[in-house]
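Trainee: data-v5.pdb (PDB, C-alpha atoms and all ligand atoms) pasted underneath:
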ATOM      1  CA  MET N1466      50.016 -45.982 -33.146
ATOM      2  CA  PHE N1467      53.327 -47.606 -32.475
ATOM      3  CA  ASN N1468      56.009 -45.285 -33.770
ATOM      4  CA  GLY N1469      59.029 -47.416 -33.051
ATOM      5  CA  ASP N1470      59.672 -46.126 -29.564
ATOM      6  CA  PHE N1471      58.027 -48.236 -26.931
ATOM      7  CA  GLN N1472      58.020 -45.385 -24.442
ATOM      8  CA  THR N1473      55.513 -43.575 -26.635
ATOM      9  CA  TYR N1474      53.520 -46.620 -27.649
ATOM     10  CA  THR N1475      49.840 -46.012 -27.106
ATOM     11  CA  CYS N1476      47.949 -48.377 -29.397
ATOM     12  CA  PRO N1477      47.163 -51.604 -27.561
ATOM     13  CA  VAL N1478      46.406 -53.560 -30.731
ATOM     14  CA  ALA N1479      49.454 -53.434 -32.869
ATOM     15  CA  LEU N1480      52.207 -55.388 -31.199
ATOM     16  CA  ASP N1481      53.293 -58.679 -29.782
ATOM     17  CA  PRO N1482      53.694 -59.184 -26.074
ATOM     18  CA  GLN N1483      56.838 -57.563 -24.808
ATOM     19  CA  ILE N1484      55.729 -53.981 -25.361
ATOM     20  CA  GLN N1485      52.735 -54.783 -23.248
ATOM     21  CA  LEU N1486      54.945 -56.342 -20.616
ATOM     22  CA  ILE N1487      57.239 -53.393 -20.422
ATOM     23  CA  ALA N1488      54.509 -50.777 -20.614
ATOM     24  CA  THR N1489      52.146 -52.493 -18.178
ATOM     25  CA  PRO N1490      54.059 -54.997 -16.093
ATOM     26  CA  LYS N1491      50.912 -55.931 -14.197
ATOM     27  CA  VAL N1492      49.655 -57.967 -17.139
ATOM     28  CA  GLU N1493      51.254 -61.081 -15.746
ATOM     29  CA  ALA N1494      49.270 -63.547 -17.763
ATOM     30  CA  MET N1495      50.490 -62.090 -21.021
ATOM     31  CA  HIS N1496      52.607 -64.473 -22.930
ATOM     32  CA  ASP N1497      55.410 -66.487 -21.507
ATOM     33  CA  GLU N1498      54.271 -65.922 -17.960
ATOM     34  CA  LYS N1499      56.965 -66.127 -15.356
ATOM     35  CA  SER N1500      60.006 -66.578 -17.503
ATOM     36  CA  THR N1501      59.010 -63.678 -19.721
ATOM     37  CA  MET N1502      58.315 -61.430 -16.808
ATOM     38  CA  ARG N1503      61.647 -62.277 -15.294
ATOM     39  CA  ILE N1504      63.455 -61.653 -18.518
ATOM     40  CA  SER N1505      61.732 -58.323 -19.079
ATOM     41  CA  SER N1506      62.376 -57.093 -15.608
ATOM     42  CA  SER N1507      65.879 -58.428 -15.129
ATOM     43  CA  SER N1508      68.605 -55.853 -14.813
ATOM     44  CA  LEU N1509      70.930 -58.531 -16.116
ATOM     45  CA  LEU N1510      69.206 -58.170 -19.439
ATOM     46  CA  THR N1511      70.442 -54.710 -20.280
ATOM     47  CA  GLU N1512      73.800 -55.183 -18.601
ATOM     48  CA  ARG N1513      74.588 -58.311 -20.531
ATOM     49  CA  TYR N1514      73.113 -57.314 -23.865
ATOM     50  CA  TRP N1515      75.031 -54.109 -24.115
ATOM     51  CA  ALA N1516      78.461 -55.567 -23.358
ATOM     52  CA  GLY N1517      80.977 -56.863 -25.851
ATOM     53  CA  SER N1518      81.027 -57.237 -29.626
ATOM     54  CA  GLY N1519      77.983 -58.073 -31.756
ATOM     55  CA  VAL N1520      78.730 -61.781 -31.881
ATOM     56  CA  ASN N1521      79.268 -61.904 -28.119
ATOM     57  CA  LYS N1522      76.063 -59.985 -27.525
ATOM     58  CA  ASN N1523      74.106 -62.418 -29.683
ATOM     59  CA  LYS N1524      75.647 -65.261 -27.700
ATOM     60  CA  ALA N1525      74.794 -63.546 -24.408
ATOM     61  CA  MET N1526      71.195 -63.119 -25.590
ATOM     62  CA  VAL N1527      70.958 -66.838 -26.345
ATOM     63  CA  GLU N1528      72.527 -67.771 -22.996
ATOM     64  CA  HIS N1529      70.066 -65.528 -21.237
ATOM     65  CA  LEU N1530      67.117 -67.194 -22.979
ATOM     66  CA  GLU N1531      68.561 -70.596 -22.039
ATOM     67  CA  HIS N1532      69.108 -69.511 -18.466
ATOM     68  CA  TYR N1533      65.455 -68.543 -18.090
ATOM     69  CA  GLY N1534      64.223 -71.730 -19.733
ATOM     70  CA  VAL N1535      62.815 -70.170 -22.894
ATOM     71  CA  ILE N1536      65.362 -72.050 -24.983
ATOM     72  CA  LYS N1537      65.360 -75.680 -23.903
ATOM     73  CA  SER N1538      67.091 -77.516 -26.709
ATOM     74  CA  LYS N1539      70.699 -77.451 -27.857
ATOM     75  CA  LYS N1540      69.609 -77.221 -31.465
ATOM     76  CA  VAL N1541      67.565 -74.041 -30.933
ATOM     77  CA  ALA N1542      70.446 -72.482 -28.958
ATOM     78  CA  GLU N1543      72.863 -73.402 -31.708
ATOM     79  CA  VAL N1544      70.694 -71.956 -34.468
ATOM     80  CA  MET N1545      69.914 -68.705 -32.628
ATOM     81  CA  GLY N1546      73.594 -68.453 -31.798
ATOM     82  CA  THR N1547      74.501 -68.880 -35.476
ATOM     83  CA  ILE N1548      71.995 -66.430 -36.976
ATOM     84  CA  ASP N1549      73.068 -62.998 -35.712
ATOM     85  CA  ARG N1550      69.919 -61.043 -34.920
ATOM     86  CA  ALA N1551      71.731 -57.741 -35.626
ATOM     87  CA  LEU N1552      71.681 -58.553 -39.338
ATOM     88  CA  PHE N1553      67.874 -58.512 -39.294
ATOM     89  CA  VAL N1554      66.983 -55.352 -37.371
ATOM     90  CA  PRO N1555      67.020 -51.899 -39.011
ATOM     91  CA  ASP N1556      70.307 -49.967 -38.708
ATOM     92  CA  GLY N1557      70.631 -48.176 -35.411
ATOM     93  CA  THR N1558      68.104 -50.435 -33.686
ATOM     94  CA  PRO N1559      69.273 -52.304 -30.573
ATOM     95  CA  ALA N1560      69.345 -55.890 -31.769
ATOM     96  CA  TYR N1561      69.616 -57.918 -28.592
ATOM     97  CA  VAL N1562      67.103 -56.306 -26.263
ATOM     98  CA  ASP N1563      64.161 -58.573 -25.520
ATOM     99  CA  THR N1564      61.467 -56.520 -27.175
ATOM    100  CA  PRO N1565      59.902 -56.299 -30.638
ATOM    101  CA  MET N1566      61.249 -53.530 -32.859
ATOM    102  CA  ALA N1567      59.540 -51.569 -35.633
ATOM    103  CA  ILE N1568      60.694 -52.571 -39.122
ATOM    104  CA  GLY N1569      58.478 -50.156 -41.102
ATOM    105  CA  TYR N1570      55.136 -50.770 -42.859
ATOM    106  CA  ASN N1571      53.385 -51.085 -39.474
ATOM    107  CA  ALA N1572      55.252 -54.328 -38.837
ATOM    108  CA  THR N1573      57.706 -55.444 -36.174
ATOM    109  CA  ILE N1574      60.451 -57.992 -35.735
ATOM    110  CA  SER N1575      59.276 -60.172 -32.855
ATOM    111  CA  ALA N1576      61.177 -60.172 -29.581
ATOM    112  CA  PRO N1577      63.987 -62.705 -29.122
ATOM    113  CA  HIS N1578      62.035 -64.687 -26.509
ATOM    114  CA  MET N1579      59.068 -64.943 -28.872
ATOM    115  CA  HIS N1580      61.277 -66.239 -31.669
ATOM    116  CA  ALA N1581      62.823 -68.697 -29.210
ATOM    117  CA  THR N1582      59.400 -69.825 -27.960
ATOM    118  CA  CYS N1583      58.179 -70.533 -31.488
ATOM    119  CA  LEU N1584      61.392 -72.305 -32.505
ATOM    120  CA  GLN N1585      61.156 -74.398 -29.377
ATOM    121  CA  LEU N1586      57.499 -75.308 -30.006
ATOM    122  CA  LEU N1587      58.342 -76.326 -33.571
ATOM    123  CA  ALA N1588      61.740 -77.941 -32.967
ATOM    124  CA  GLU N1589      60.530 -81.548 -33.430
ATOM    125  CA  ASN N1590      59.016 -80.543 -36.758
ATOM    126  CA  LEU N1591      62.147 -78.816 -37.975
ATOM    127  CA  GLN N1592      64.333 -81.892 -38.317
ATOM    128  CA  PRO N1593      66.773 -82.149 -41.233
ATOM    129  CA  GLY N1594      64.898 -82.765 -44.491
ATOM    130  CA  MET N1595      61.550 -81.415 -43.275
ATOM    131  CA  HIS N1596      59.471 -78.627 -44.844
ATOM    132  CA  ALA N1597      58.730 -75.393 -42.936
ATOM    133  CA  LEU N1598      56.525 -72.433 -43.819
ATOM    134  CA  ASP N1599      56.952 -69.006 -42.194
ATOM    135  CA  VAL N1600      53.865 -66.846 -42.807
ATOM    136  CA  GLY N1601      54.464 -63.107 -42.327
ATOM    137  CA  SER N1602      58.201 -63.615 -42.596
ATOM    138  CA  GLY N1603      59.009 -59.902 -42.126
ATOM    139  CA  THR N1604      62.747 -59.525 -41.603
ATOM    140  CA  GLY N1605      63.406 -63.169 -42.539
ATOM    141  CA  TYR N1606      64.979 -63.951 -39.160
ATOM    142  CA  LEU N1607      62.858 -66.995 -38.342
ATOM    143  CA  THR N1608      62.847 -68.219 -41.938
ATOM    144  CA  ALA N1609      66.654 -68.231 -41.745
ATOM    145  CA  CYS N1610      66.548 -70.149 -38.443
ATOM    146  CA  PHE N1611      64.109 -72.661 -39.946
ATOM    147  CA  ALA N1612      66.406 -73.118 -42.943
ATOM    148  CA  LEU N1613      69.376 -73.948 -40.716
ATOM    149  CA  MET N1614      67.285 -76.438 -38.784
ATOM    150  CA  VAL N1615      65.842 -78.316 -41.796
ATOM    151  CA  GLY N1616      69.151 -78.085 -43.666
ATOM    152  CA  PRO N1617      69.939 -78.331 -47.366
ATOM    153  CA  GLN N1618      67.757 -81.433 -47.868
ATOM    154  CA  GLY N1619      64.784 -79.633 -46.317
ATOM    155  CA  ARG N1620      62.766 -76.615 -47.380
ATOM    156  CA  ALA N1621      62.187 -73.308 -45.567
ATOM    157  CA  VAL N1622      59.668 -70.983 -47.198
ATOM    158  CA  GLY N1623      58.838 -67.428 -46.130
ATOM    159  CA  VAL N1624      55.688 -65.644 -47.336
ATOM    160  CA  GLU N1625      55.295 -61.920 -46.727
ATOM    161  CA  HIS N1626      52.799 -59.525 -48.338
ATOM    162  CA  ILE N1627      54.933 -56.352 -48.253
ATOM    163  CA  PRO N1628      57.264 -56.600 -51.278
ATOM    164  CA  GLU N1629      59.793 -54.176 -49.763
ATOM    165  CA  LEU N1630      60.108 -56.398 -46.688
ATOM    166  CA  VAL N1631      60.665 -59.440 -48.902
ATOM    167  CA  THR N1632      63.471 -57.595 -50.701
ATOM    168  CA  SER N1633      65.107 -56.440 -47.463
ATOM    169  CA  SER N1634      64.675 -59.869 -45.837
ATOM    170  CA  ILE N1635      66.526 -61.477 -48.733
ATOM    171  CA  LYS N1636      69.351 -58.952 -48.251
ATOM    172  CA  ASN N1637      69.401 -59.754 -44.526
ATOM    173  CA  ILE N1638      69.560 -63.494 -45.178
ATOM    174  CA  GLU N1639      72.339 -63.006 -47.738
ATOM    175  CA  LYS N1640      74.500 -61.516 -44.965
ATOM    176  CA  SER N1641      73.694 -64.327 -42.533
ATOM    177  CA  ALA N1642      74.832 -67.892 -41.961
ATOM    178  CA  ALA N1643      71.766 -69.039 -43.954
ATOM    179  CA  ALA N1644      73.064 -67.410 -47.174
ATOM    180  CA  PRO N1645      74.302 -70.695 -48.748
ATOM    181  CA  LEU N1646      70.847 -72.249 -48.262
ATOM    182  CA  LEU N1647      69.214 -69.287 -50.022
ATOM    183  CA  LYS N1648      71.706 -69.623 -52.850
ATOM    184  CA  GLU N1649      71.216 -73.371 -53.186
ATOM    185  CA  GLY N1650      67.425 -72.969 -53.109
ATOM    186  CA  SER N1651      66.355 -74.813 -49.945
ATOM    187  CA  LEU N1652      65.398 -71.404 -48.489
ATOM    188  CA  SER N1653      63.108 -69.034 -50.378
ATOM    189  CA  VAL N1654      61.033 -65.952 -49.553
ATOM    190  CA  HIS N1655      57.976 -64.983 -51.607
ATOM    191  CA  VAL N1656      55.603 -62.054 -51.934
ATOM    192  CA  GLY N1657      52.106 -63.290 -51.252
ATOM    193  CA  ASP N1658      49.095 -63.360 -48.987
ATOM    194  CA  GLY N1659      50.162 -65.774 -46.291
ATOM    195  CA  ARG N1660      46.558 -66.607 -45.482
ATOM    196  CA  ASP N1661      46.708 -68.770 -48.623
ATOM    197  CA  GLY N1662      49.876 -70.501 -47.451
ATOM    198  CA  TRP N1663      52.337 -71.480 -50.160
ATOM    199  CA  PRO N1664      51.033 -74.617 -51.914
ATOM    200  CA  GLU N1665      54.144 -75.122 -54.060
ATOM    201  CA  PHE N1666      56.146 -76.771 -51.262
ATOM    202  CA  ALA N1667      53.269 -78.207 -49.200
ATOM    203  CA  PRO N1668      52.647 -80.249 -47.173
ATOM    204  CA  TYR N1669      54.614 -78.691 -44.310
ATOM    205  CA  ASP N1670      55.903 -80.388 -41.179
ATOM    206  CA  ALA N1671      56.041 -76.996 -39.458
ATOM    207  CA  ILE N1672      54.048 -73.817 -40.063
ATOM    208  CA  HIS N1673      54.750 -70.610 -38.156
ATOM    209  CA  VAL N1674      52.484 -67.600 -38.452
ATOM    210  CA  GLY N1675      54.036 -64.323 -37.283
ATOM    211  CA  ALA N1676      50.834 -62.243 -37.240
ATOM    212  CA  ALA N1677      47.523 -62.742 -35.437
ATOM    213  CA  ALA N1678      44.654 -64.245 -37.421
ATOM    214  CA  PRO N1679      41.011 -63.713 -36.390
ATOM    215  CA  GLU N1680      40.657 -67.451 -37.036
ATOM    216  CA  ILE N1681      42.955 -70.167 -38.327
ATOM    217  CA  PRO N1682      43.034 -69.929 -42.146
ATOM    218  CA  GLN N1683      41.805 -73.194 -43.714
ATOM    219  CA  PRO N1684      44.514 -73.264 -46.435
ATOM    220  CA  LEU N1685      47.140 -73.419 -43.669
ATOM    221  CA  ILE N1686      45.390 -76.384 -42.051
ATOM    222  CA  ASP N1687      45.142 -78.035 -45.469
ATOM    223  CA  GLN N1688      48.861 -77.501 -46.117
ATOM    224  CA  LEU N1689      49.910 -79.009 -42.796
ATOM    225  CA  LYS N1690      51.302 -82.526 -43.150
ATOM    226  CA  PRO N1691      49.803 -85.369 -41.098
ATOM    227  CA  GLY N1692      52.082 -85.381 -38.047
ATOM    228  CA  GLY N1693      52.736 -81.671 -38.626
ATOM    229  CA  ARG N1694      52.462 -78.773 -36.224
ATOM    230  CA  MET N1695      51.469 -75.130 -36.674
ATOM    231  CA  VAL N1696      52.074 -72.277 -34.231
ATOM    232  CA  ILE N1697      49.742 -69.356 -34.824
ATOM    233  CA  PRO N1698      48.539 -66.386 -32.766
ATOM    234  CA  VAL N1699      44.733 -66.232 -32.954
ATOM    235  CA  GLY N1700      42.464 -63.389 -31.886
ATOM    236  CA  ASN N1701      41.992 -59.673 -32.235
ATOM    237  CA  MET N1702      42.462 -57.547 -29.122
ATOM    238  CA  PHE N1703      43.024 -60.657 -26.994
ATOM    239  CA  GLN N1704      45.150 -63.296 -28.627
ATOM    240  CA  ASP N1705      46.344 -66.783 -27.819
ATOM    241  CA  LEU N1706      49.330 -68.502 -29.300
ATOM    242  CA  LYS N1707      47.704 -71.704 -30.582
ATOM    243  CA  VAL N1708      49.465 -74.964 -31.263
ATOM    244  CA  VAL N1709      47.637 -76.834 -34.028
ATOM    245  CA  GLU N1710      48.475 -80.473 -34.669
ATOM    246  CA  LYS N1711      47.385 -82.720 -37.500
ATOM    247  CA  SER N1712      47.464 -86.354 -36.479
ATOM    248  CA  ARG N1713      48.464 -89.180 -38.805
ATOM    249  CA  ASP N1714      44.768 -89.840 -39.532
ATOM    250  CA  GLY N1715      44.264 -86.186 -40.478
ATOM    251  CA  SER N1716      42.305 -85.099 -37.388
ATOM    252  CA  ILE N1717      43.115 -81.662 -35.975
ATOM    253  CA  SER N1718      43.756 -80.686 -32.373
ATOM    254  CA  VAL N1719      44.233 -77.135 -31.122
ATOM    255  CA  ARG N1720      45.535 -75.956 -27.758
ATOM    256  CA  SER N1721      46.480 -72.567 -26.357
ATOM    257  CA  GLU N1722      50.090 -72.151 -25.341
ATOM    258  CA  THR N1723      49.983 -68.634 -23.908
ATOM    259  CA  SER N1724      48.519 -65.136 -24.318
ATOM    260  CA  VAL N1725      50.288 -62.919 -26.809
ATOM    261  CA  ARG N1726      49.981 -59.731 -28.758
ATOM    262  CA  TYR N1727      50.997 -59.645 -32.415
ATOM    263  CA  VAL N1728      50.276 -57.379 -35.379
ATOM    264  CA  PRO N1729      47.250 -58.636 -37.352
ATOM    265  CA  LEU N1730      47.359 -61.106 -40.213
ATOM    266  CA  THR N1731      45.393 -58.966 -42.628
ATOM    267  CA  SER N1732      45.308 -57.473 -46.113
ATOM    268  CA  ARG N1733      48.209 -55.356 -47.314
ATOM    269  CA  ASP N1734      45.908 -52.318 -47.658
ATOM    270  CA  ALA N1735      44.595 -52.590 -44.111
ATOM    271  CA  GLN N1736      48.139 -52.902 -42.781
ATOM    272  CA  LEU N1737      49.464 -49.922 -44.745
ATOM    273  CA  ARG N1738      46.443 -47.846 -43.626
ATOM    274  CA  GLY N1739      47.472 -48.630 -40.045
ATOM    275  CA  TYR N1740      44.765 -51.316 -39.467
TER     276      TYR N1740
HETATM  277  N1  LIG U1801      58.120 -62.868 -37.850
HETATM  278  C1  LIG U1801      58.613 -61.703 -38.539
HETATM  279  C2  LIG U1801      57.628 -60.558 -38.702
HETATM  280  C3  LIG U1801      56.569 -60.406 -37.653
HETATM  281  S1  LIG U1801      55.500 -59.007 -37.954
HETATM  282  C4  LIG U1801      59.864 -61.196 -37.842
HETATM  283  O1  LIG U1801      60.035 -61.440 -36.654
HETATM  284  O2  LIG U1801      60.637 -60.526 -38.497
HETATM  285  C5  LIG U1801      54.238 -59.788 -38.902
HETATM  286  C6  LIG U1801      54.502 -59.792 -40.381
HETATM  287  O3  LIG U1801      53.357 -60.357 -41.012
HETATM  288  C7  LIG U1801      54.693 -58.410 -41.000
HETATM  289  O4  LIG U1801      55.885 -58.392 -41.709
HETATM  290  C8  LIG U1801      53.483 -58.252 -41.905
HETATM  291  O5  LIG U1801      53.769 -57.495 -43.049
HETATM  292  C9  LIG U1801      53.138 -59.696 -42.237
HETATM  293  N2  LIG U1801      51.766 -59.966 -42.650
HETATM  294  C10 LIG U1801      50.612 -59.520 -42.089
HETATM  295  N3  LIG U1801      49.542 -60.000 -42.778
HETATM  296  C11 LIG U1801      50.048 -60.779 -43.775
HETATM  297  C12 LIG U1801      49.450 -61.549 -44.810
HETATM  298  N4  LIG U1801      48.118 -61.610 -44.983
HETATM  299  N5  LIG U1801      50.257 -62.228 -45.650
HETATM  300  C13 LIG U1801      51.614 -62.167 -45.515
HETATM  301  N6  LIG U1801      52.234 -61.456 -44.568
HETATM  302  C14 LIG U1801      51.463 -60.766 -43.700
END
In structure tokens, what does this structure look like?
Ligand code: SAH

Mentor:
Amino acid sequence: MFNGDFQTYTCPVALDPQIQLIATPKVEAMHDEKSTMRISSSSLLTERYWAGSGVNKNKAMVEHLEHYGVIKSKKVAEVMGTIDRALFVPDGTPAYVDTPMAIGYNATISAPHMHATCLQLLAENLQPGMHALDVGSGTGYLTACFALMVGPQGRAVGVEHIPELVTSSIKNIEKSAAAPLLKEGSLSVHVGDGRDGWPEFAPYDAIHVGAAAPEIPQPLIDQLKPGGRMVIPVGNMFQDLKVVEKSRDGSISVRSETSVRYVPLTSRDAQLRGY
């Protein structure tokens, strides 16, 4: 089991890619290939992330991700620079290190480069006024980023099946730059089984799934707008980050972006039992 300390991590199933990268750096094909490997192994990483105040450290993290080509667009840099990651990690947890962190309930907050990768893949579908769904919203970090990107005329919806995480994610968002959007109602987080999507605000231009599904849930495909894009890790032990696109005529295409390792998209009971 993963107990929150990646030095003592022994279960190969439960996490997304950076633990794997740090624990077994030979797995070069895992996830973001070269840029990820460079980020994980760079001494710059720790030096830069640990210097300065929180806001400066968040900025340094974003600059680092830009430097290594994970963040490619100004908009993604701006949004990740505006939403301070420290507000979303548990107290006492290093916020800006490029690794996932345990958040309780056998869940993790994804690593910064994974958040950046997904934001980047979805950026075109997160234009002002668009609708975005974040399945397995956990800490609420990405939901908050989505909300800033789609703005007050858009809609950012988080769905998470652990009620305590929904409550804490709302508290996190209330402290962040996305708080006004939560208050005004363009951002919302709901308790639910994300495999069913969230029909109330469908169809979605962008769907992000933060946990690995054995196969792509049909309700999520149904709730994707023509012209929409979904990013979803698919698999069990071996997982691919899939990019699913629905064309204007409704046909679906799926491609693999990279190999990843996420916690499973599963039932609440299975997750609380430890899978
Ligand atoms: N992206 C989030 C959390 C990633 S961990 C972040 O970075 O903070 C994956 C999350 O998916 C966990 O919070 C877990 O509780 C949730 N999850 C797993 N299966 C789910 C399901 N069927 N429905 C809703 N949420 C689910």

Trainee: What is the CA of Gly1546 in chain N to atom C14 of ligand LIG 1801 (chain U) distance in Å?

Mentor: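 These two atoms are separated by 26.3 Å.
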
Trainee: Around (50.5, -65.7, -30.9) in the file's frame, which residues reach within 9 Å when counting only C-alpha atoms? Return as a PyMOL selection string?

Mentor: chain N and resi 1481-1482+1496+1579+1674-1678+1696-1700+1704-1707+1722-1727

Trainee: Would you mind listing the residues within 6 Å of ligand LIG 1801 (chain U), counting only C-alpha atoms and all ligand atoms, as a ChimeraX atom specification?

Mentor: /N:1572-1575,1600-1606,1624-1627,1657-1660,1675-1676,1728-1732

Trainee: Could you please take those selected residues and save C-alpha atoms as a CSV table (one decimal), in the coordinates of the input?

Mentor:
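Saved file selection_12.csv follows:
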chain,number,residue,atom,x,y,z
N,1572,ALA,CA,55.3,-54.3,-38.8
N,1573,THR,CA,57.7,-55.4,-36.2
N,1574,ILE,CA,60.5,-58.0,-35.7
N,1575,SER,CA,59.3,-60.2,-32.9
N,1600,VAL,CA,53.9,-66.8,-42.8
N,1601,GLY,CA,54.5,-63.1,-42.3
N,1602,SER,CA,58.2,-63.6,-42.6
N,1603,GLY,CA,59.0,-59.9,-42.1
N,1604,THR,CA,62.7,-59.5,-41.6
N,1605,GLY,CA,63.4,-63.2,-42.5
N,1606,TYR,CA,65.0,-64.0,-39.2
N,1624,VAL,CA,55.7,-65.6,-47.3
N,1625,GLU,CA,55.3,-61.9,-46.7
N,1626,HIS,CA,52.8,-59.5,-48.3
N,1627,ILE,CA,54.9,-56.4,-48.3
N,1657,GLY,CA,52.1,-63.3,-51.3
N,1658,ASP,CA,49.1,-63.4,-49.0
N,1659,GLY,CA,50.2,-65.8,-46.3
N,1660,ARG,CA,46.6,-66.6,-45.5
N,1675,GLY,CA,54.0,-64.3,-37.3
N,1676,ALA,CA,50.8,-62.2,-37.2
N,1728,VAL,CA,50.3,-57.4,-35.4
N,1729,PRO,CA,47.2,-58.6,-37.4
N,1730,LEU,CA,47.4,-61.1,-40.2
N,1731,THR,CA,45.4,-59.0,-42.6
N,1732,SER,CA,45.3,-57.5,-46.1

Trainee: Out of N:His1673, N:Lys1537, N:Lys1648, N:His1655, which residue has the shortest atom-to-atom distance to Val1631 in chain N when counting all atoms listed in the file?

Mentor: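 That would be N:His1655, the residue with the smallest distance to Val1631 in chain N.
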
Trainee: Set up a box along x, y and z of the file covering all listed atoms of range 1625-1643 of chain N, add 5 Å on every one of the six sides, and write the centre and edge lengths in Å to one decimal, as lines of an AutoDock Vina configuration file.

Mentor:
center_x = 63.8
center_y = -61.6
center_z = -46.6
size_x = 32.0
size_y = 24.9
size_z = 19.3

Trainee: Show me the residues around (70.6, -59.5, -31.9) - criterion: an atom at most 10 Å away, all atoms listed in the file counted - as a list in words.

Mentor: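 Those residues, ordered by chain and then number, are Tyr1514, Gly1519, Val1520, Asn1521, Lys1522, Asn1523, Lys1524, Ala1525, Met1526, Val1527, Met1545, Gly1546, Ile1548, Asp1549, Arg1550, Ala1551, Leu1552, Phe1553, Val1554, Thr1558, Pro1559, Ala1560, Tyr1561, Val1562, Asp1563, Ala1576 and Pro1577 of chain N.
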
Trainee: So that I can check the surroundings of Glu1710 in chain N, please list as a short mmCIF file (atom, residue, chain, number, x, y, z; two decimals) with C-alpha atoms, in the frame of the given file every protein, DNA and RNA residue that reaches within 12 Å of it, counting all atoms listed in the file and ignoring chain neighbours fewer than 2 positions away.

Mentor:
data_model
loop_
_atom_site.label_atom_id
_atom_site.label_comp_id
_atom_site.auth_asym_id
_atom_site.auth_seq_id
_atom_site.Cartn_x
_atom_site.Cartn_y
_atom_site.Cartn_z
CA LEU N 1586 57.50 -75.31 -30.01
CA LEU N 1587 58.34 -76.33 -33.57
CA ASN N 1590 59.02 -80.54 -36.76
CA TYR N 1669 54.61 -78.69 -44.31
CA ASP N 1670 55.90 -80.39 -41.18
CA ALA N 1671 56.04 -77.00 -39.46
CA ILE N 1672 54.05 -73.82 -40.06
CA LEU N 1685 47.14 -73.42 -43.67
CA ILE N 1686 45.39 -76.38 -42.05
CA ASP N 1687 45.14 -78.04 -45.47
CA GLN N 1688 48.86 -77.50 -46.12
CA LEU N 1689 49.91 -79.01 -42.80
CA LYS N 1690 51.30 -82.53 -43.15
CA PRO N 1691 49.80 -85.37 -41.10
CA GLY N 1692 52.08 -85.38 -38.05
CA GLY N 1693 52.74 -81.67 -38.63
CA ARG N 1694 52.46 -78.77 -36.22
CA MET N 1695 51.47 -75.13 -36.67
CA VAL N 1696 52.07 -72.28 -34.23
CA ILE N 1697 49.74 -69.36 -34.82
CA LYS N 1707 47.70 -71.70 -30.58
CA VAL N 1708 49.46 -74.96 -31.26
CA SER N 1712 47.46 -86.35 -36.48
CA ARG N 1713 48.46 -89.18 -38.80
CA ASP N 1714 44.77 -89.84 -39.53
CA GLY N 1715 44.26 -86.19 -40.48
CA SER N 1716 42.30 -85.10 -37.39
CA ILE N 1717 43.12 -81.66 -35.98
CA SER N 1718 43.76 -80.69 -32.37
CA VAL N 1719 44.23 -77.14 -31.12
CA ARG N 1720 45.54 -75.96 -27.76
CA SER N 1721 46.48 -72.57 -26.36
#

Trainee: Find the distance between CA of Val1654 in chain N and CA of His1596 in chain N and write it in Å to one decimal.

Mentor: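 Separation of CA of Val1654 in chain N and CA of His1596 in chain N: 13.6 Å.
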
Trainee: Between N:Lys1711, N:Asp1661, N:Pro1555, N:Pro1593, which is the closest to Asn1637 in chain N once you count only C-alpha atoms?

Mentor: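 Nearest candidate to Asn1637 in chain N out of N:Lys1711, N:Asp1661, N:Pro1555, N:Pro1593: N:Pro1555.
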
Trainee: Can you work out the spacing between CA of Lys1640 in chain N and CA of Arg1733 in chain N in Å, to one decimal?

Mentor: 27.1 Å

Trainee: Write out as a PyMOL selection string each polymer residue whose atoms come within 10 Å of Lys1540 in chain N, counting only C-alpha atoms; drop sequence neighbours fewer than 6 positions from it.

Mentor: chain N and resi 1546+1584-1585+1588+1592+1613-1614
